[in-house]
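**Student:** Right, I'll just put the structure down here and ask away after.
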Amino acid sequence: MRHSTKAFSLKFITIGILVACQTPLIGQEVARDQVIDYMEQLRVDHDLPGISVAVAVDGKIVFSEGVGYAELDNRTPATGRTVHNIGSVSKVFAVVGLMQLVEAGSIDLDATLQQYMSYYPEQPSPITIRHILTHTSGIRHYRSGEFGPYGLLRFRHYDSFEEATRLWRDDPLVYDPGTAWMYSSHAHNLQHGIVESVTNEKYEEYLKYNVFEPAGMMATQFDVPARVVNNRGKGYVRDENGQFINAPNEDPSYKYAGGGILSNVEDMVRLALAINNGILLEPSTVSEMHRPQIDPSIKEYGSDTPLGHEQGLAWFIRTDQAGRRYPNHTGTVKGTRSFIANFAKQGVVVALQVNSLPFDSARYGEAIAQMFLGNR
């Protein structure tokens, strides 16, 4: 992954200088003000309302801060506890719950979808759970116009996941399962139906009691528009004059597993820490979740260009400039952008959220991680 010189322009400050300036260390020779200054520079350079970042080092959250505003109506300051919809980072929250059931022997990754969801239509070639988790199922992604005139179906609340799948499940596959890679949130959303079928529990209740609460993620929940949510921020888009306006709203009940979870950067870090500490999954299960799952010869559908990452189960596996491989994911929804990176071997976890676009959260999230990684 290439990064500009600007992204890495902040250098580590020596302990002697830090002591002289009375600036507390928060990690491997990193000053709190150093990270905040970088965040503020990013906010100004990209003209963002706000940025939130949390970092853990060696199992403890050592940094949790925000710059700018969580929302502009009341100019509420952004903090490490500002809550946004995390978009597709929801996929890696969801896969942890599913992998618990794999670990328990209740789900077979190589079983077909129909084994768990009888309502899902048979396809010319079988689709397995592993296919949907690796974006190799052939199930299409979201497309323009699928939510009807003026996008009105985006505001519909679905009382059951089966009902939500009627929007797209009868569409033909884009390609034969396992023959190409194509990002598909509709495919990942099927985790919802699979888990409910296996557990006979409501999906949010299952994740709450088996993932969120054991990991200490008390700010994390499903994005239900009617709920009053403490510390909720807002995402923004720009009008034709370049002015911030509220991002279009929607009811994410059709995509909780793929893009409908609310969280903050502290809880995103807590998820990774709970994975690393064996609280949520056995080490062998984590290894399978983070193992590259698809043949390197498989290309993105319609392209001859190799993928720019390795594909785990939901997680993307990238390699930084020092050769450190790490699972990560980004998310974009309703004017927000989120990122989580788990350098488990080096003991560093980073989570980032911003509330306007465009913003390369993976690039700058990794840049912040470099401050804490040092020579680890």
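Here's how to read the names in the structure tokens: chain A, B, ... by the order shown, residue numbers from 1 in each chain, ligand numbers from 1 in the order shown.
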Can you pull out the residues contacting Thr128 of chain A? Cut-off 12 Å, using only C-alpha atoms, and skip same-chain residues under 6 positions away; I want them as a PyMOL selection string.

**Tutor:** chain A and resi 107-117+120+122+134-139+176-178+187-188+190-191+194

**Student:** Can you pull out every residue from segment 43-241 of chain A that DSSP, working from the backbone, puts in strand (DSSP E or B), and format the result as a PyMOL selection string?

**Tutor:** chain A and resi 50-57+60-71+76-77+83-85+112+128+181+221-222+232+236-238

**Student:** Would you mind exporting the chosen residues as a PDB file, in the first residue's frame, restricted to C-alpha atoms?

**Tutor:**
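Result saved to result_38.pdb:
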```
ATOM      1  CA  GLY A  50     -15.003  15.952  12.746  1.00  0.00           C
ATOM      2  CA  ILE A  51     -12.648  13.027  13.268  1.00  0.00           C
ATOM      3  CA  SER A  52     -12.578  10.474  16.102  1.00  0.00           C
ATOM      4  CA  VAL A  53      -9.702   8.073  16.772  1.00  0.00           C
ATOM      5  CA  ALA A  54      -8.990   5.409  19.376  1.00  0.00           C
ATOM      6  CA  VAL A  55      -5.800   3.392  19.748  1.00  0.00           C
ATOM      7  CA  ALA A  56      -4.899   0.426  21.940  1.00  0.00           C
ATOM      8  CA  VAL A  57      -1.353  -0.659  22.691  1.00  0.00           C
ATOM      9  CA  LYS A  60      -5.137  -1.208  26.685  1.00  0.00           C
ATOM     10  CA  ILE A  61      -6.805   1.810  25.092  1.00  0.00           C
ATOM     11  CA  VAL A  62      -4.152   4.528  25.380  1.00  0.00           C
ATOM     12  CA  PHE A  63      -5.726   7.160  23.146  1.00  0.00           C
ATOM     13  CA  SER A  64      -9.352   8.175  22.554  1.00  0.00           C
ATOM     14  CA  GLU A  65      -9.982  11.635  21.190  1.00  0.00           C
ATOM     15  CA  GLY A  66     -11.928  13.664  18.664  1.00  0.00           C
ATOM     16  CA  VAL A  67     -11.338  16.914  16.812  1.00  0.00           C
ATOM     17  CA  GLY A  68     -13.989  19.106  15.236  1.00  0.00           C
ATOM     18  CA  TYR A  69     -17.681  18.338  15.577  1.00  0.00           C
ATOM     19  CA  ALA A  70     -19.774  15.205  15.938  1.00  0.00           C
ATOM     20  CA  GLU A  71     -22.732  17.130  14.507  1.00  0.00           C
ATOM     21  CA  THR A  76     -21.245  19.149  19.545  1.00  0.00           C
ATOM     22  CA  PRO A  77     -17.533  18.301  19.867  1.00  0.00           C
ATOM     23  CA  VAL A  83     -21.460   7.162  17.871  1.00  0.00           C
ATOM     24  CA  HIS A  84     -21.910   6.726  14.117  1.00  0.00           C
ATOM     25  CA  ASN A  85     -23.178   3.984  11.866  1.00  0.00           C
ATOM     26  CA  THR A 112     -25.034 -24.243   1.136  1.00  0.00           C
ATOM     27  CA  THR A 128     -21.745 -21.696   0.418  1.00  0.00           C
ATOM     28  CA  TRP A 181     -14.328 -11.643  -6.469  1.00  0.00           C
ATOM     29  CA  GLN A 221     -26.246  -1.521  18.834  1.00  0.00           C
ATOM     30  CA  PHE A 222     -28.277  -1.747  15.652  1.00  0.00           C
ATOM     31  CA  ARG A 232     -25.000   9.987  18.299  1.00  0.00           C
ATOM     32  CA  TYR A 236     -22.814  15.041   6.004  1.00  0.00           C
ATOM     33  CA  VAL A 237     -22.669  15.394   2.245  1.00  0.00           C
ATOM     34  CA  ARG A 238     -22.248  18.557   0.198  1.00  0.00           C
TER      35      ARG A 238
END
```

**Student:** Quick one, how far is atom CA of Asp360 of chain A from atom CA of Val333 of chain A?

**Tutor:**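 One can read the atom CA of Asp360 of chain A to atom CA of Val333 of chain A distance as 13.8 Å.
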
**Student:** Report the distance between atom CA of Asp251 of chain A and atom CA of Met99 of chain A in Å, rounded to one decimal place.

**Tutor:**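 Calculated distance between atom CA of Asp251 of chain A and atom CA of Met99 of chain A is 26.5 Å.
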
**Student:** Find the spatial neighbours of Arg291 of chain A, counting only C-alpha atoms, within a cut-off of 9 Å - ignore same-chain residues fewer than 5 positions away - and output them as number ranges by chain.

**Tutor:** A: 286, 310-313, 317

**Student:** Since we have the selection now, will you write its residues out, keeping C-alpha atoms, as a PDB file, in the first residue's frame?

**Tutor:**
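Okay, this is what ended up in again-v3.pdb:
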```pdb
ATOM      1  CA  VAL A 286      -9.381 -16.508  14.762  1.00  0.00           C
ATOM      2  CA  GLU A 310      -5.852 -10.764   0.696  1.00  0.00           C
ATOM      3  CA  GLN A 311      -9.381 -11.834   1.582  1.00  0.00           C
ATOM      4  CA  GLY A 312     -10.134 -13.441   4.926  1.00  0.00           C
ATOM      5  CA  LEU A 313     -13.603 -14.277   6.208  1.00  0.00           C
ATOM      6  CA  ILE A 317      -5.796  -8.582   5.031  1.00  0.00           C
TER       7      ILE A 317
END
```

**Student:** Find, counting only C-alpha atoms, the residue in A:Ala369, A:Asn249, A:Lys208, A:Ala274 that gets nearest to Gly151 of chain A.

**Tutor:** A:Asn249

**Student:** Write out as a PDB file with N, CA and C atoms, in the first residue's frame the residues lying within 6 Å of Phe155 of chain A, counting only C-alpha atoms and excluding same-chain residues fewer than 2 positions away.

**Tutor:**
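The resulting file, out.pdb, is shown below:
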```pdb
ATOM      1  N   LEU A 152     -37.518   5.503  -2.140  1.00  0.00           N
ATOM      2  CA  LEU A 152     -38.429   5.464  -0.994  1.00  0.00           C
ATOM      3  C   LEU A 152     -38.321   4.173  -0.190  1.00  0.00           C
ATOM      4  N   LEU A 153     -37.949   3.072  -0.852  1.00  0.00           N
ATOM      5  CA  LEU A 153     -37.858   1.815  -0.118  1.00  0.00           C
ATOM      6  C   LEU A 153     -36.713   1.823   0.893  1.00  0.00           C
ATOM      7  N   GLU A 250     -31.892   6.675   6.055  1.00  0.00           N
ATOM      8  CA  GLU A 250     -32.492   5.419   5.617  1.00  0.00           C
ATOM      9  C   GLU A 250     -32.725   4.541   6.833  1.00  0.00           C
ATOM     10  N   ASP A 251     -33.524   3.501   6.655  1.00  0.00           N
ATOM     11  CA  ASP A 251     -33.730   2.484   7.678  1.00  0.00           C
ATOM     12  C   ASP A 251     -32.868   1.288   7.292  1.00  0.00           C
TER      13      ASP A 251
END
```

**Student:** What residues in segment 262-293 of chain A get the DSSP label alpha helix (DSSP H)? Please answer as a PyMOL selection string.

**Tutor:** chain A and resi 265-276+283-290

**Student:** Find the residues around Lys255 of chain A up to 12 Å (only C-alpha atoms counted), leave out those fewer than 2 positions away in its own chain, and share them as a ChimeraX atom specification.

**Tutor:** /A:85,87-88,90-91,94,141-142,154,156-158,160-165,167,184-193,203,222-224,250-253,257-261,333
